[in-house]
>>> print(open('data_23.txt').read())   # compact mmCIF, C-alpha atoms
# COMPACT_ATOMS: atom_id res chain seq x y z
CA MET A 1 0.00 0.00 0.00
CA LYS A 2 1.38 3.39 -1.04
CA LYS A 3 2.45 5.69 1.77
CA ASN A 4 1.36 9.15 0.62
CA LEU A 5 -0.55 10.69 3.54
CA ILE A 6 0.61 13.25 6.09
CA LEU A 7 -0.81 13.20 9.61
CA VAL A 8 -0.96 16.77 10.93
CA LEU A 9 -1.03 17.35 14.69
CA ASN A 10 -1.82 20.65 16.39
CA CYS A 11 -1.41 20.15 20.11
CA GLY A 12 -2.73 22.54 22.76
CA SER A 13 -2.33 22.36 26.51
CA SER A 14 -5.60 20.41 26.88
CA SER A 15 -6.45 19.59 23.28
CA LEU A 16 -5.23 17.80 20.19
CA LYS A 17 -6.45 18.72 16.72
CA PHE A 18 -5.55 16.33 13.93
CA SER A 19 -6.00 15.80 10.19
CA LEU A 20 -4.90 13.13 7.73
CA ILE A 21 -4.19 14.88 4.45
CA LYS A 22 -3.09 14.25 0.89
CA PRO A 23 -0.46 16.99 0.56
CA GLU A 24 -0.75 17.34 -3.22
CA ASN A 25 -4.37 18.55 -3.15
CA GLY A 26 -5.38 19.09 0.48
CA GLU A 27 -7.94 16.28 0.53
CA THR A 28 -8.68 15.38 4.15
CA LEU A 29 -9.43 11.70 4.77
CA LEU A 30 -9.77 11.93 8.55
CA SER A 31 -9.94 14.79 11.02
CA GLY A 32 -10.94 15.44 14.57
CA LEU A 33 -10.37 17.00 17.95
CA ALA A 34 -9.53 15.63 21.37
CA GLU A 35 -10.42 18.14 24.06
CA ARG A 36 -10.56 18.61 27.82
CA LEU A 37 -7.48 16.41 28.10
CA LEU A 38 -6.11 15.83 31.60
CA SER A 39 -9.68 15.99 32.96
CA GLU A 40 -12.42 13.46 33.64
CA GLN A 41 -14.45 14.99 30.78
CA ALA A 42 -11.83 14.19 28.14
CA SER A 43 -13.34 13.15 24.80
CA ILE A 44 -12.40 12.77 21.18
CA LYS A 45 -14.35 13.55 17.99
CA ILE A 46 -13.24 11.83 14.79
CA ASN A 47 -14.64 12.52 11.33
CA VAL A 48 -13.92 9.86 8.71
CA LYS A 49 -15.35 10.46 5.25
CA GLY A 50 -18.24 12.48 6.63
CA GLN A 51 -19.03 10.04 9.44
CA LYS A 52 -18.58 11.58 12.88
CA LYS A 53 -17.78 9.59 15.99
CA HIS A 54 -17.63 11.01 19.52
CA THR A 55 -16.17 8.89 22.32
CA ALA A 56 -14.74 9.33 25.80
CA ILE A 57 -11.00 8.91 26.30
CA PRO A 58 -9.89 6.26 28.80
CA HIS A 59 -7.63 7.05 31.76
CA PRO A 60 -5.05 8.74 31.99
CA PHE A 61 -6.78 11.30 29.70
CA ASP A 62 -3.50 12.69 28.34
CA HIS A 63 -2.13 13.51 24.89
CA ARG A 64 -0.57 10.11 24.36
CA THR A 65 -3.89 8.44 25.19
CA ALA A 66 -5.62 10.72 22.69
CA ILE A 67 -3.09 9.78 20.01
CA MET A 68 -3.65 6.09 20.80
CA ALA A 69 -7.40 6.59 20.30
CA LEU A 70 -6.59 8.26 16.98
CA VAL A 71 -4.37 5.32 16.02
CA ASP A 72 -7.21 2.89 16.75
CA SER A 73 -9.39 4.79 14.30
CA LEU A 74 -6.64 4.90 11.69
CA VAL A 75 -6.03 1.16 12.03
CA SER A 76 -9.74 0.36 11.70
CA GLN A 77 -9.73 2.18 8.35
CA GLN A 78 -6.27 0.82 7.40
CA LEU A 79 -5.17 4.42 6.98
CA ASN A 80 -2.20 3.99 9.32
CA LEU A 81 -0.43 2.03 6.58
CA GLN A 82 -0.50 5.05 4.27
CA ILE A 83 1.12 7.58 6.64
CA CYS A 84 4.54 8.66 5.38
CA ALA A 85 5.21 11.48 7.86
CA ILE A 86 3.77 13.54 10.70
CA GLY A 87 3.73 17.32 10.59
CA HIS A 88 3.48 19.26 13.85
CA ARG A 89 2.37 22.83 14.30
CA VAL A 90 4.88 24.54 16.58
CA VAL A 91 4.09 28.11 17.59
CA HIS A 92 7.49 29.64 18.35
CA GLY A 93 10.67 28.95 16.42
CA GLY A 94 12.48 32.16 17.37
CA GLU A 95 15.22 33.07 14.91
CA HIS A 96 16.36 29.47 14.81
CA TYR A 97 13.83 28.19 12.28
CA CYS A 98 12.50 29.91 9.19
CA MET A 99 11.67 26.67 7.35
CA PRO A 100 9.99 23.32 8.14
CA THR A 101 12.47 21.24 10.13
CA LEU A 102 12.98 17.53 10.71
CA ILE A 103 12.55 16.94 14.44
CA THR A 104 15.60 15.72 16.34
CA ASP A 105 16.56 15.81 20.00
CA GLU A 106 18.37 19.10 19.34
CA VAL A 107 15.26 20.60 17.73
CA LYS A 108 13.13 19.48 20.67
CA ASN A 109 15.56 21.09 23.10
CA THR A 110 15.35 24.36 21.17
CA ILE A 111 11.54 24.23 21.15
CA SER A 112 11.65 23.65 24.90
CA ASN A 113 14.05 26.56 25.46
CA LEU A 114 11.74 28.81 23.44
CA SER A 115 8.86 27.96 25.78
CA GLN A 116 9.72 31.07 27.80
CA LEU A 117 8.55 33.10 24.78
CA ALA A 118 5.38 31.06 24.21
CA PRO A 119 4.56 29.47 27.57
CA LEU A 120 0.99 28.61 26.60
CA HIS A 121 1.94 26.97 23.32
CA ASN A 122 5.44 25.49 22.94
CA PRO A 123 5.22 23.11 25.93
CA ALA A 124 1.94 21.76 24.53
CA ASN A 125 3.43 21.42 21.05
CA LEU A 126 6.31 19.47 22.57
CA MET A 127 3.90 17.16 24.40
CA GLY A 128 2.31 16.32 21.07
CA ILE A 129 5.70 15.64 19.48
CA ASN A 130 6.79 13.32 22.30
CA ALA A 131 3.47 11.48 22.29
CA ALA A 132 3.57 11.00 18.52
CA GLU A 133 7.16 9.78 18.59
CA ALA A 134 6.25 7.20 21.24
CA VAL A 135 3.44 5.79 19.09
CA PHE A 136 4.75 6.30 15.54
CA THR A 137 8.28 5.10 16.20
CA ASP A 138 9.38 4.68 12.56
CA VAL A 139 7.66 7.70 10.99
CA PRO A 140 9.60 10.96 10.38
CA GLN A 141 8.32 13.94 12.34
CA VAL A 142 8.51 17.52 11.05
CA ALA A 143 7.98 20.84 12.85
CA VAL A 144 6.30 23.69 10.95
CA PHE A 145 6.63 26.97 12.84
CA ASP A 146 4.05 29.74 13.15
CA THR A 147 6.86 32.29 13.23
CA ALA A 148 8.62 31.12 10.05
CA PHE A 149 6.62 33.20 7.53
CA HIS A 150 7.46 36.39 9.41
CA GLN A 151 11.23 35.92 9.29
CA THR A 152 11.26 38.16 6.19
CA MET A 153 10.30 41.24 8.25
CA PRO A 154 12.89 44.05 8.10
CA GLU A 155 14.66 45.19 11.27
CA LYS A 156 12.61 48.38 11.44
CA ALA A 157 9.51 46.19 11.89
CA TYR A 158 10.80 43.72 14.45
CA ILE A 159 13.22 45.65 16.68
CA TYR A 160 11.67 47.16 19.82
CA GLY A 161 12.57 50.64 21.10
CA ILE A 162 14.55 49.20 24.00
CA PRO A 163 18.33 48.71 24.43
CA TYR A 164 19.59 46.87 21.34
CA ALA A 165 21.69 44.58 23.54
CA LEU A 166 18.49 42.86 24.70
CA TYR A 167 17.97 41.72 21.12
CA GLN A 168 21.61 40.80 20.58
CA GLU A 169 22.01 38.86 23.80
CA HIS A 170 18.51 37.53 24.50
CA GLY A 171 16.64 37.58 21.20
CA ILE A 172 14.00 40.03 22.43
CA ARG A 173 12.27 41.18 19.22
CA ARG A 174 8.97 40.85 17.43
CA TYR A 175 8.46 37.44 15.82
CA GLY A 176 4.81 37.23 14.78
CA PHE A 177 2.53 34.20 14.63
CA HIS A 178 -0.26 32.62 12.55
CA GLY A 179 2.32 32.48 9.77
CA THR A 180 0.91 29.37 8.09
CA SER A 181 -2.53 30.98 7.94
CA HIS A 182 -1.31 34.27 6.47
CA TYR A 183 0.84 32.34 3.96
CA PHE A 184 -2.08 30.19 2.85
CA VAL A 185 -4.64 32.96 2.35
CA ALA A 186 -2.12 35.11 0.48
CA GLN A 187 -1.49 32.23 -1.93
CA GLN A 188 -5.22 31.73 -2.39
CA ALA A 189 -5.80 35.45 -2.92
CA THR A 190 -3.40 35.50 -5.86
CA LYS A 191 -5.49 32.81 -7.54
CA THR A 192 -8.67 34.81 -7.02
CA LEU A 193 -7.07 37.96 -8.43
CA ASP A 194 -5.06 36.11 -11.11
CA LYS A 195 -1.79 37.68 -9.98
CA SER A 196 1.70 36.43 -9.31
CA ILE A 197 2.49 36.03 -5.61
CA ASN A 198 5.78 37.88 -6.20
CA GLU A 199 3.86 40.94 -7.37
CA SER A 200 1.03 40.87 -4.81
CA ASN A 201 0.49 43.11 -1.80
CA PHE A 202 -2.09 42.27 0.85
CA ILE A 203 -3.16 43.08 4.36
CA SER A 204 -4.37 39.88 5.99
CA ALA A 205 -6.51 39.80 9.15
CA HIS A 206 -6.59 36.43 10.93
CA LEU A 207 -9.37 36.87 13.48
CA GLY A 208 -10.27 34.14 15.94
CA ASN A 209 -9.72 33.59 19.65
CA GLY A 210 -6.18 34.65 18.77
CA CYS A 211 -5.82 37.48 16.25
CA SER A 212 -3.15 38.98 14.07
CA VAL A 213 -2.89 41.39 11.17
CA THR A 214 -0.07 41.04 8.64
CA ALA A 215 1.27 43.23 5.82
CA ILE A 216 2.37 41.08 2.89
CA LYS A 217 4.55 42.72 0.22
CA ASN A 218 5.41 40.79 -2.94
CA GLY A 219 4.28 37.63 -1.17
CA LYS A 220 6.45 38.14 1.93
CA SER A 221 5.57 39.24 5.44
CA VAL A 222 6.94 42.73 6.13
CA ASP A 223 5.07 43.51 9.35
CA THR A 224 2.66 41.80 11.71
CA SER A 225 0.78 42.71 14.86
CA LEU A 226 1.86 39.90 17.21
CA GLY A 227 5.26 40.33 18.80
CA LEU A 228 7.78 38.57 21.01
CA THR A 229 4.85 36.54 22.29
CA PRO A 230 1.25 36.03 21.08
CA LEU A 231 0.11 38.74 23.53
CA GLU A 232 0.89 41.88 21.53
CA GLY A 233 -1.31 43.49 18.88
CA VAL A 234 -5.08 43.75 18.61
CA MET A 235 -7.47 42.74 21.37
CA MET A 236 -8.31 39.02 21.28
CA GLY A 237 -10.63 36.51 22.93
CA THR A 238 -8.95 36.51 26.34
CA ARG A 239 -5.69 38.33 25.55
CA SER A 240 -5.37 42.07 26.04
CA GLY A 241 -3.31 42.90 22.98
CA ASP A 242 -1.44 46.21 23.20
CA VAL A 243 -1.50 47.89 26.61
CA ASP A 244 0.64 50.61 28.18
CA ALA A 245 3.53 48.74 29.82
CA GLY A 246 3.09 51.09 32.76
CA ILE A 247 -0.14 49.26 33.60
CA ILE A 248 1.92 46.22 34.58
CA PHE A 249 4.02 48.25 37.03
CA HIS A 250 0.86 49.87 38.42
CA LEU A 251 -0.79 46.48 38.98
CA ILE A 252 2.30 45.18 40.79
CA ASN A 253 3.46 48.25 42.72
CA GLN A 254 0.14 49.89 43.55
CA LEU A 255 -2.44 47.11 43.52
CA GLY A 256 -0.32 44.27 44.88
CA TYR A 257 -0.52 41.85 41.96
CA THR A 258 2.18 39.21 41.58
CA THR A 259 3.85 38.80 38.19
CA ALA A 260 2.01 35.46 37.79
CA GLN A 261 -1.32 37.18 38.45
CA VAL A 262 -0.54 39.90 35.92
CA SER A 263 0.38 37.28 33.32
CA HIS A 264 -2.86 35.39 33.97
CA LEU A 265 -4.89 38.61 33.78
CA LEU A 266 -3.41 39.66 30.44
CA HIS A 267 -3.51 36.20 28.87
CA LYS A 268 -6.70 34.69 30.28
CA GLU A 269 -8.97 37.40 31.73
CA SER A 270 -8.72 40.25 29.24
CA GLY A 271 -9.79 40.89 25.64
CA LEU A 272 -13.39 40.28 24.63
CA LEU A 273 -13.96 38.33 27.85
CA GLY A 274 -12.54 41.02 30.11
CA VAL A 275 -14.38 43.94 28.52
CA SER A 276 -17.74 42.22 28.00
CA GLY A 277 -17.71 40.29 31.27
CA LEU A 278 -19.62 37.61 29.38
CA SER A 279 -17.48 35.38 27.19
CA ASN A 280 -14.46 35.16 24.92
CA ASP A 281 -16.72 33.75 22.19
CA CYS A 282 -17.57 36.44 19.68
CA ARG A 283 -20.84 34.69 18.78
CA GLU A 284 -22.12 34.91 22.33
CA ILE A 285 -21.12 38.57 22.61
CA GLU A 286 -22.81 39.42 19.30
CA GLU A 287 -25.98 37.69 20.50
CA ALA A 288 -25.87 39.58 23.80
CA TRP A 289 -25.78 42.86 21.89
CA LEU A 290 -28.20 42.08 19.06
CA LYS A 291 -30.84 40.36 21.22
CA ASP A 292 -30.39 41.87 24.67
CA LYS A 293 -28.75 45.22 23.84
CA ASN A 294 -26.09 44.55 26.48
CA PRO A 295 -23.94 47.73 26.51
CA ARG A 296 -20.78 45.93 27.63
CA ALA A 297 -21.17 43.48 24.76
CA LYS A 298 -21.39 46.40 22.33
CA LEU A 299 -18.36 48.06 23.91
CA ALA A 300 -16.30 44.88 23.56
CA LEU A 301 -17.25 44.55 19.88
CA ASP A 302 -16.59 48.24 19.21
CA ILE A 303 -13.14 48.10 20.80
CA PHE A 304 -12.28 44.88 18.95
CA CYS A 305 -13.33 46.24 15.56
CA TYR A 306 -11.65 49.60 16.08
CA ARG A 307 -8.36 48.03 17.12
CA VAL A 308 -8.38 45.73 14.08
CA ALA A 309 -9.29 48.59 11.72
CA LYS A 310 -6.57 50.77 13.23
CA SER A 311 -4.01 48.00 12.82
CA ILE A 312 -5.01 47.45 9.18
CA ALA A 313 -4.72 51.15 8.46
CA SER A 314 -1.33 51.42 10.16
CA PHE A 315 0.13 48.61 8.07
CA THR A 316 -0.37 50.59 4.88
CA ALA A 317 2.88 52.30 5.90
CA SER A 318 4.63 49.04 4.91
CA LEU A 319 3.18 48.97 1.39
CA THR A 320 3.16 51.13 -1.73
CA SER A 321 -0.05 49.55 -3.04
CA ILE A 322 -2.77 47.19 -1.79
CA ASP A 323 -4.23 44.48 -3.99
CA ALA A 324 -6.73 43.24 -1.39
CA LEU A 325 -7.74 43.10 2.25
CA ILE A 326 -8.16 39.51 3.43
CA PHE A 327 -10.32 38.20 6.30
CA THR A 328 -9.74 34.71 7.68
CA GLY A 329 -9.93 32.75 10.96
CA GLY A 330 -13.08 31.75 12.83
CA ILE A 331 -14.35 35.32 13.29
CA GLY A 332 -12.96 36.66 10.03
CA GLU A 333 -14.59 33.90 8.01
CA ASN A 334 -17.99 33.90 9.72
CA SER A 335 -18.92 37.16 11.44
CA THR A 336 -20.65 39.48 8.99
CA LEU A 337 -21.16 42.02 11.79
CA ILE A 338 -17.47 42.20 12.69
CA ARG A 339 -16.33 42.42 9.07
CA ALA A 340 -18.82 45.18 8.24
CA ASN A 341 -17.89 47.17 11.35
CA ILE A 342 -14.17 46.97 10.55
CA ILE A 343 -14.61 47.84 6.87
CA ASP A 344 -16.86 50.81 7.68
CA GLN A 345 -13.85 52.37 9.45
CA LEU A 346 -11.59 51.94 6.39
CA SER A 347 -13.40 54.03 3.78
CA LEU A 348 -10.38 56.35 3.56
CA LEU A 349 -8.51 53.37 2.07
CA ASN A 350 -11.32 52.78 -0.46
CA PHE A 351 -12.71 49.70 1.23
CA PHE A 352 -16.51 49.47 1.10
CA VAL A 353 -18.58 46.42 2.04
CA ALA A 354 -21.47 45.07 -0.04
CA THR A 355 -24.06 43.81 2.45
CA ASP A 356 -25.44 41.03 0.25
CA LYS A 357 -21.97 39.71 -0.59
CA ASN A 358 -20.89 39.95 3.04
CA ASN A 359 -23.92 37.96 4.20
CA ALA A 360 -23.23 35.28 1.59
CA CYS A 361 -19.63 34.62 2.69
CA CYS A 362 -19.90 32.48 5.81
CA PHE A 363 -19.29 28.90 6.93
CA GLY A 364 -16.60 28.01 4.44
CA LYS A 365 -17.76 30.13 1.51
CA ALA A 366 -15.07 32.38 0.07
CA GLY A 367 -15.62 35.51 -1.98
CA ASN A 368 -15.06 39.20 -2.59
CA ILE A 369 -17.39 41.17 -0.30
CA GLY A 370 -16.44 44.62 -1.59
CA THR A 371 -18.69 46.88 -3.62
CA GLU A 372 -17.94 47.65 -7.27
CA ASN A 373 -16.14 50.84 -6.19
CA SER A 374 -14.13 49.12 -3.45
CA ARG A 375 -10.68 47.63 -3.47
CA PRO A 376 -11.07 43.82 -3.26
CA ILE A 377 -12.08 42.56 0.19
CA LEU A 378 -11.60 38.79 0.24
CA VAL A 379 -13.01 36.29 2.70
CA ILE A 380 -10.81 33.18 2.49
CA PRO A 381 -11.21 30.17 4.80
CA THR A 382 -7.78 29.30 6.08
CA ASN A 383 -6.29 25.81 5.91
CA GLU A 384 -3.21 25.70 8.10
CA GLU A 385 -3.32 21.91 8.18
CA TRP A 386 -2.86 21.71 4.42
CA VAL A 387 0.11 24.08 4.61
CA ILE A 388 1.72 21.90 7.29
CA ALA A 389 1.07 18.73 5.27
CA GLU A 390 2.39 20.30 2.07
CA GLN A 391 5.53 21.74 3.65
CA THR A 392 6.23 18.47 5.49
CA SER A 393 6.02 16.61 2.18
CA GLN A 394 8.22 19.18 0.44
CA LEU A 395 10.90 18.89 3.10
CA LEU A 396 11.02 15.09 3.13
CA PHE A 397 10.27 14.21 -0.46
CA ASN A 398 11.23 17.40 -2.35
CA ASN A 399 7.74 17.77 -3.83
CA SER A 400 6.98 20.98 -5.69
CA SER A 401 4.45 23.38 -4.21
CA THR A 402 0.83 22.92 -5.25
CA LYS A 403 -0.05 26.54 -4.55
CA GLU A 404 2.57 28.49 -6.47
>>> encode(input="data_23.txt", output="structure tokens")
Amino acid sequence: MKKNLILVLNCGSSSLKFSLIKPENGETLLSGLAERLLSEQASIKINVKGQKKHTAIPHPFDHRTAIMALVDSLVSQQLNLQICAIGHRVVHGGEHYCMPTLITDEVKNTISNLSQLAPLHNPANLMGINAAEAVFTDVPQVAVFDTAFHQTMPEKAYIYGIPYALYQEHGIRRYGFHGTSHYFVAQQATKTLDKSINESNFISAHLGNGCSVTAIKNGKSVDTSLGLTPLEGVMMGTRSGDVDAGIIFHLINQLGYTTAQVSHLLHKESGLLGVSGLSNDCREIEEAWLKDKNPRAKLALDIFCYRVAKSIASFTASLTSIDALIFTGGIGENSTLIRANIIDQLSLLNFFVATDKNNACCFGKAGNIGTENSRPILVIPTNEEWVIAEQTSQLLFNNSSTKE
């Protein structure tokens, strides 16, 4: 049986998202999500050829157990025999990795050392790698880094206004994230516009529980909103985004917070959740405003949309022309309210939303939602898993890109 499938793993601290993909065309044969790991409520959802199965995960409810449950499903379909490699999403690669990388002990040590820059992500990614290696002992494992796409940023975009020695000696700089998503939608946008990627300029807004805006010039990232960690930039689901650094000192020195409490507040208690007091889920906040006229819900949405619009506008400083504005991510692909609110604040850049087109582009449907007089405004569902599968295959088997 031919081995031509890539298993893609995206491991979170209490979750494991997975897909089995044909890298040459993105066809997904199996996908699913294990969630609430390390708790008694741990469960796994597996979708095989349109058939969904939801089962509990047996003790000890950890990532390795979840991968074993995945293996059982693969074996039952005889799909395990077709896996040629495993591609892992890894959030932070620092300056060490700008390309997909075959995982070795040295690579794992570097990923672990970079955990101080992505404490909510890299340790979880490493758990997934170790669990996969224990189960798939003879299958090559590849790391694809969120930060890799942004390694083309110029110094003026990634150096902070702090002593330069902190960058030289400790690597403190802006790195950016969601790179595989921004890369994918930029490639897809060139197809829609019938342009060469090397001559295309976009501003891409990946909006979900985590958010980032990226300026893409001639197909390369030249600026992005996330920074040293995934905390900088626009307001997000539970993350604050940009705040005055003096707030941190005020919380510690005047209000008695510990550094751990400040970190938890900015990462887990802020953003849409912190402002609305309701939820980090944009759908619930929209409902609270549209149905109940909750003023805090409206405030949270207004702040979110304004910060995104302001970030988009600021990134025009990186470009000499704009071929399109791109929306992607869970919110960017599905929230007509959020998209319209953001675009309404960008009329100076000649972006104007067509209500009927905006309403039509949801739940996986792509399209241009701009009016006839507008610059193109593209809604493009992202597919980070396909990027990881494709780049894993390219690294190991020297396959040519399917999207260039």
>>> atom_distance(input="data_23.txt", atom1="CA of Leu207 (chain A)", atom2="CA of Gly370 (chain A)")
18.4 Å
>>> closest_residue(input="data_23.txt", among="A:Gln391, A:Asn113, A:Thr65, A:Ser263", to="Ile248 (chain A)", atoms="all atoms listed in the file")
A:Ser263
>>> residues_near_point(input="data_23.txt", point="(-16.0, 37.1, 29.0)", cutoff="12 Å", atoms="all atoms listed in the file", output="NGL selection string")
:A and (209 or 236-239 or 268-285 or 288 or 296-297 or 300-301)
>>> atom_distance(input="data_23.txt", atom1="CA of Arg36 (chain A)", atom2="CA of Ala66 (chain A)")
10.6 Å
>>> atom_distance(input="data_23.txt", atom1="CA of Ser318 (chain A)", atom2="CA of Ile203 (chain A)")
9.8 Å
>>> residues_around(input="data_23.txt", residues="Thr190 (chain A)", least_positions_apart="5", cutoff="10 Å", atoms="only C-alpha atoms", output="MDAnalysis selection string")
chainID A and resid 185 195:202 219 323:324 403:404
>>> residues_around(input="data_23.txt", residues="Pro119 (chain A)", least_positions_apart="5", cutoff="9 Å", atoms="only C-alpha atoms", output="MDAnalysis selection string")
chainID A and resid 114 124 229
>>> closest_residue(input="data_23.txt", among="A:Leu5, A:Ile172, A:Leu117, A:Ala157", to="Cys84 (chain A)", atoms="only C-alpha atoms")
A:Leu5
>>> closest_residue(input="data_23.txt", among="A:Leu30, A:Ala309, A:Thr214, A:Tyr257", to="Val75 (chain A)", atoms="only C-alpha atoms")
A:Leu30
>>> closest_residue(input="data_23.txt", among="A:Ser13, A:Asn398, A:Ser321, A:Thr355", to="Arg375 (chain A)", atoms="all atoms listed in the file")
A:Ser321
>>> residues_around(input="data_23.txt", residues="Ala389 (chain A)", least_positions_apart="5", cutoff="7 Å", atoms="all atoms listed in the file", output="VMD selection string")
chain A and resid 6 8 21 23 87
>>> residues_around(input="data_23.txt", residues="Ser15 (chain A)", least_positions_apart="6", cutoff="8 Å", atoms="all atoms listed in the file", output="ChimeraX atom specification")
/A:33-37,63
>>> closest_residue(input="data_23.txt", among="A:His88, A:Phe145, A:Pro100, A:Ile83", to="Leu126 (chain A)", atoms="only C-alpha atoms")
A:His88
>>> closest_residue(input="data_23.txt", among="A:Gln345, A:Glu385, A:Phe327, A:Ile247", to="Val213 (chain A)", atoms="all atoms listed in the file")
A:Phe327
